[in-house]
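Quick notes on the structure that follows.
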Amino acid sequence: QECVLDVIDAASSQLEVTIWNAKDTNPQTGFWGECILNLSKLIPYAGNIIEQDFDVKQGKQFKTDIPACGKLMLQIMFQTQEQIEASAMEETQETQNSSILSAGTSGNTPQQGPVPYAMSITIIEAR
């Protein structure tokens, strides 16, 4: 599973990843644990793909009698706004080179304002 998240303030943000048994809807037995990522530690690695195992711990929000244990392997791509824009520009140039564009169309979607960082997270394995 992959998701992309905008990060407004990486220096003071955390990402909480909760792990659930999709077949068990009871929060007392379906919750398997959580991992908390301190995003400020990712700033020096902006633009790189990071693969890392995180320890699954007992949740703070969700309490269960079943002890949490195991590892969650994530692949993270953390990018600055400049890296995102450069990547989008490369994709746009590739698209323009490989197709005929209609006059007057831009293909760009309006944004509310710049987001300093964005991260793409792929769950590789939970064990």
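Ordering of the structure tokens sets the chain letters (A, B, ...); residue numbers start at 1 within each chain; ligands are numbered from 1 in the order shown.
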**Request:** Extract, using only C-alpha atoms, all DNA, RNA and protein residues at most 9 Å from range 18-33 of chain A, discarding same-chain residues fewer than 3 positions from it, and format them as a PyMOL selection string.
**Result:** chain A and resi 36+56-59+62-70+72+126
Kindly save the residues from that selection, with N, CA and C atoms included, as a compact mmCIF listing (two decimals), in the first residue's frame.
# COMPACT_ATOMS: atom_id res chain seq x y z
N ILE A 36 5.73 5.29 15.51
CA ILE A 36 5.72 6.75 15.42
C ILE A 36 7.03 7.20 14.80
N VAL A 56 7.21 -2.22 16.28
CA VAL A 56 5.79 -2.02 16.56
C VAL A 56 5.63 -2.01 18.07
N LYS A 57 4.98 -0.96 18.57
CA LYS A 57 4.82 -0.80 20.02
C LYS A 57 3.34 -0.74 20.39
N GLN A 58 3.10 -0.91 21.68
CA GLN A 58 1.75 -0.79 22.20
C GLN A 58 1.25 0.62 21.93
N GLY A 59 0.01 0.76 21.56
CA GLY A 59 -0.52 2.07 21.22
C GLY A 59 -0.78 2.96 22.42
N PHE A 62 -4.96 3.66 21.42
CA PHE A 62 -5.76 2.45 21.42
C PHE A 62 -5.17 1.46 22.40
N LYS A 63 -5.95 1.09 23.39
CA LYS A 63 -5.48 0.15 24.40
C LYS A 63 -6.04 -1.23 24.11
N THR A 64 -5.19 -2.22 24.23
CA THR A 64 -5.60 -3.59 24.00
C THR A 64 -4.86 -4.50 24.97
N ASP A 65 -5.45 -5.64 25.25
CA ASP A 65 -4.82 -6.60 26.16
C ASP A 65 -3.76 -7.44 25.46
N ILE A 66 -3.77 -7.42 24.14
CA ILE A 66 -2.81 -8.20 23.37
C ILE A 66 -1.52 -7.39 23.25
N PRO A 67 -0.38 -7.95 23.66
CA PRO A 67 0.87 -7.20 23.56
C PRO A 67 1.30 -6.96 22.11
N ALA A 68 1.71 -5.75 21.84
CA ALA A 68 2.19 -5.41 20.49
C ALA A 68 3.64 -5.84 20.35
N CYS A 69 3.96 -6.40 19.20
CA CYS A 69 5.34 -6.79 18.93
C CYS A 69 5.51 -6.92 17.42
N GLY A 70 6.73 -6.99 16.98
CA GLY A 70 7.00 -7.18 15.57
C GLY A 70 7.68 -5.98 14.95
N LEU A 72 7.68 -3.26 11.36
CA LEU A 72 7.02 -2.71 10.19
C LEU A 72 8.10 -2.14 9.30
N ALA A 126 4.90 -6.07 7.05
CA ALA A 126 4.63 -6.02 8.49
C ALA A 126 4.74 -7.43 9.01
**Request:** With a distance cut-off of 7 Å and only C-alpha atoms, select the neighbouring residues of Leu5 in chain A, excluding the residue or stretch itself and same-chain residues fewer than 2 positions from it, and output the selection as a PyMOL selection string.
**Result:** chain A and resi 3+7+118-120
**Complete:** Leu39 in chain A proximity check over A:Gln52, A:Gln14, A:Gln93, A:Ser87, using only C-alpha atoms: winner is A:Gln14
**Request:** as a list of chain:residue names, list the residues of range 12-74 of chain A assigned to helix (DSSP H, G or I) by DSSP on the backbone atoms of this structure.
**Result:** A:Ser12, A:Pro27, A:Gln28, A:Thr29, A:Gly30, A:Leu39, A:Ser40, A:Lys41, A:Leu42, A:Ile43, A:Pro44, A:Tyr45
**Request:** Find the residues around Pro116 in chain A up to 10 Å (only C-alpha atoms counted), leave out those fewer than 6 positions away in its own chain, and share them as a ChimeraX atom specification.
**Result:** /A:6-10,79-84
Output of the above residues as a PDB file, in the first residue's frame, restricted to N, CA and C atoms:
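This is the output file again.pdb:
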ATOM      1  N   ASP A   6       1.288  15.496   2.349  1.00  0.00           N
ATOM      2  CA  ASP A   6       1.927  16.804   2.423  1.00  0.00           C
ATOM      3  C   ASP A   6       2.352  17.036   3.863  1.00  0.00           C
ATOM      4  N   VAL A   7       3.520  17.617   4.051  1.00  0.00           N
ATOM      5  CA  VAL A   7       4.044  17.888   5.384  1.00  0.00           C
ATOM      6  C   VAL A   7       4.303  19.385   5.483  1.00  0.00           C
ATOM      7  N   ILE A   8       3.556  20.068   6.331  1.00  0.00           N
ATOM      8  CA  ILE A   8       3.679  21.514   6.465  1.00  0.00           C
ATOM      9  C   ILE A   8       4.920  21.885   7.281  1.00  0.00           C
ATOM     10  N   ASP A   9       5.109  21.259   8.433  1.00  0.00           N
ATOM     11  CA  ASP A   9       6.210  21.602   9.331  1.00  0.00           C
ATOM     12  C   ASP A   9       6.918  20.331   9.787  1.00  0.00           C
ATOM     13  N   ALA A  10       7.868  19.869   8.993  1.00  0.00           N
ATOM     14  CA  ALA A  10       8.554  18.609   9.294  1.00  0.00           C
ATOM     15  C   ALA A  10       9.370  18.689  10.578  1.00  0.00           C
ATOM     16  N   GLN A  79      10.604  14.527   0.274  1.00  0.00           N
ATOM     17  CA  GLN A  79      11.079  15.511  -0.686  1.00  0.00           C
ATOM     18  C   GLN A  79      10.757  16.932  -0.233  1.00  0.00           C
ATOM     19  N   THR A  80      11.643  17.863  -0.600  1.00  0.00           N
ATOM     20  CA  THR A  80      11.381  19.282  -0.371  1.00  0.00           C
ATOM     21  C   THR A  80      10.488  19.795  -1.496  1.00  0.00           C
ATOM     22  N   GLN A  81       9.932  20.983  -1.299  1.00  0.00           N
ATOM     23  CA  GLN A  81       9.097  21.592  -2.329  1.00  0.00           C
ATOM     24  C   GLN A  81       9.874  21.762  -3.632  1.00  0.00           C
ATOM     25  N   GLU A  82      11.135  22.157  -3.537  1.00  0.00           N
ATOM     26  CA  GLU A  82      11.956  22.338  -4.740  1.00  0.00           C
ATOM     27  C   GLU A  82      12.129  21.024  -5.487  1.00  0.00           C
ATOM     28  N   GLN A  83      12.346  19.938  -4.758  1.00  0.00           N
ATOM     29  CA  GLN A  83      12.502  18.628  -5.393  1.00  0.00           C
ATOM     30  C   GLN A  83      11.196  18.187  -6.051  1.00  0.00           C
ATOM     31  N   ILE A  84      10.075  18.479  -5.413  1.00  0.00           N
ATOM     32  CA  ILE A  84       8.768  18.122  -5.967  1.00  0.00           C
ATOM     33  C   ILE A  84       8.538  18.888  -7.266  1.00  0.00           C
TER      34      ILE A  84
END
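Proximity ranking of A:Ala88, A:Ile76, A:Lys71, A:Glu34 relative to Glu51 in chain A places A:Ile76 first, based on only C-alpha atoms.
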**Asked** When you draw a straight line from CA of Glu91 in chain A to CA of Asn48 in chain A, how long is it in Å?
**Response**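 Separating CA of Glu91 in chain A from CA of Asn48 in chain A is a distance of 18.2 Å.
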**Prompt:** When you draw a straight line from CA of Ile49 in chain A to CA of Ser12 in chain A, how long is it in Å?
**Reply:** 21.1 Å
**Prompt:** Rounded to one decimal in Å, what is the spacing between CA of Pro44 in chain A and CA of Thr92 in chain A?
**Reply:**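 These two atoms are separated by 27.3 Å.
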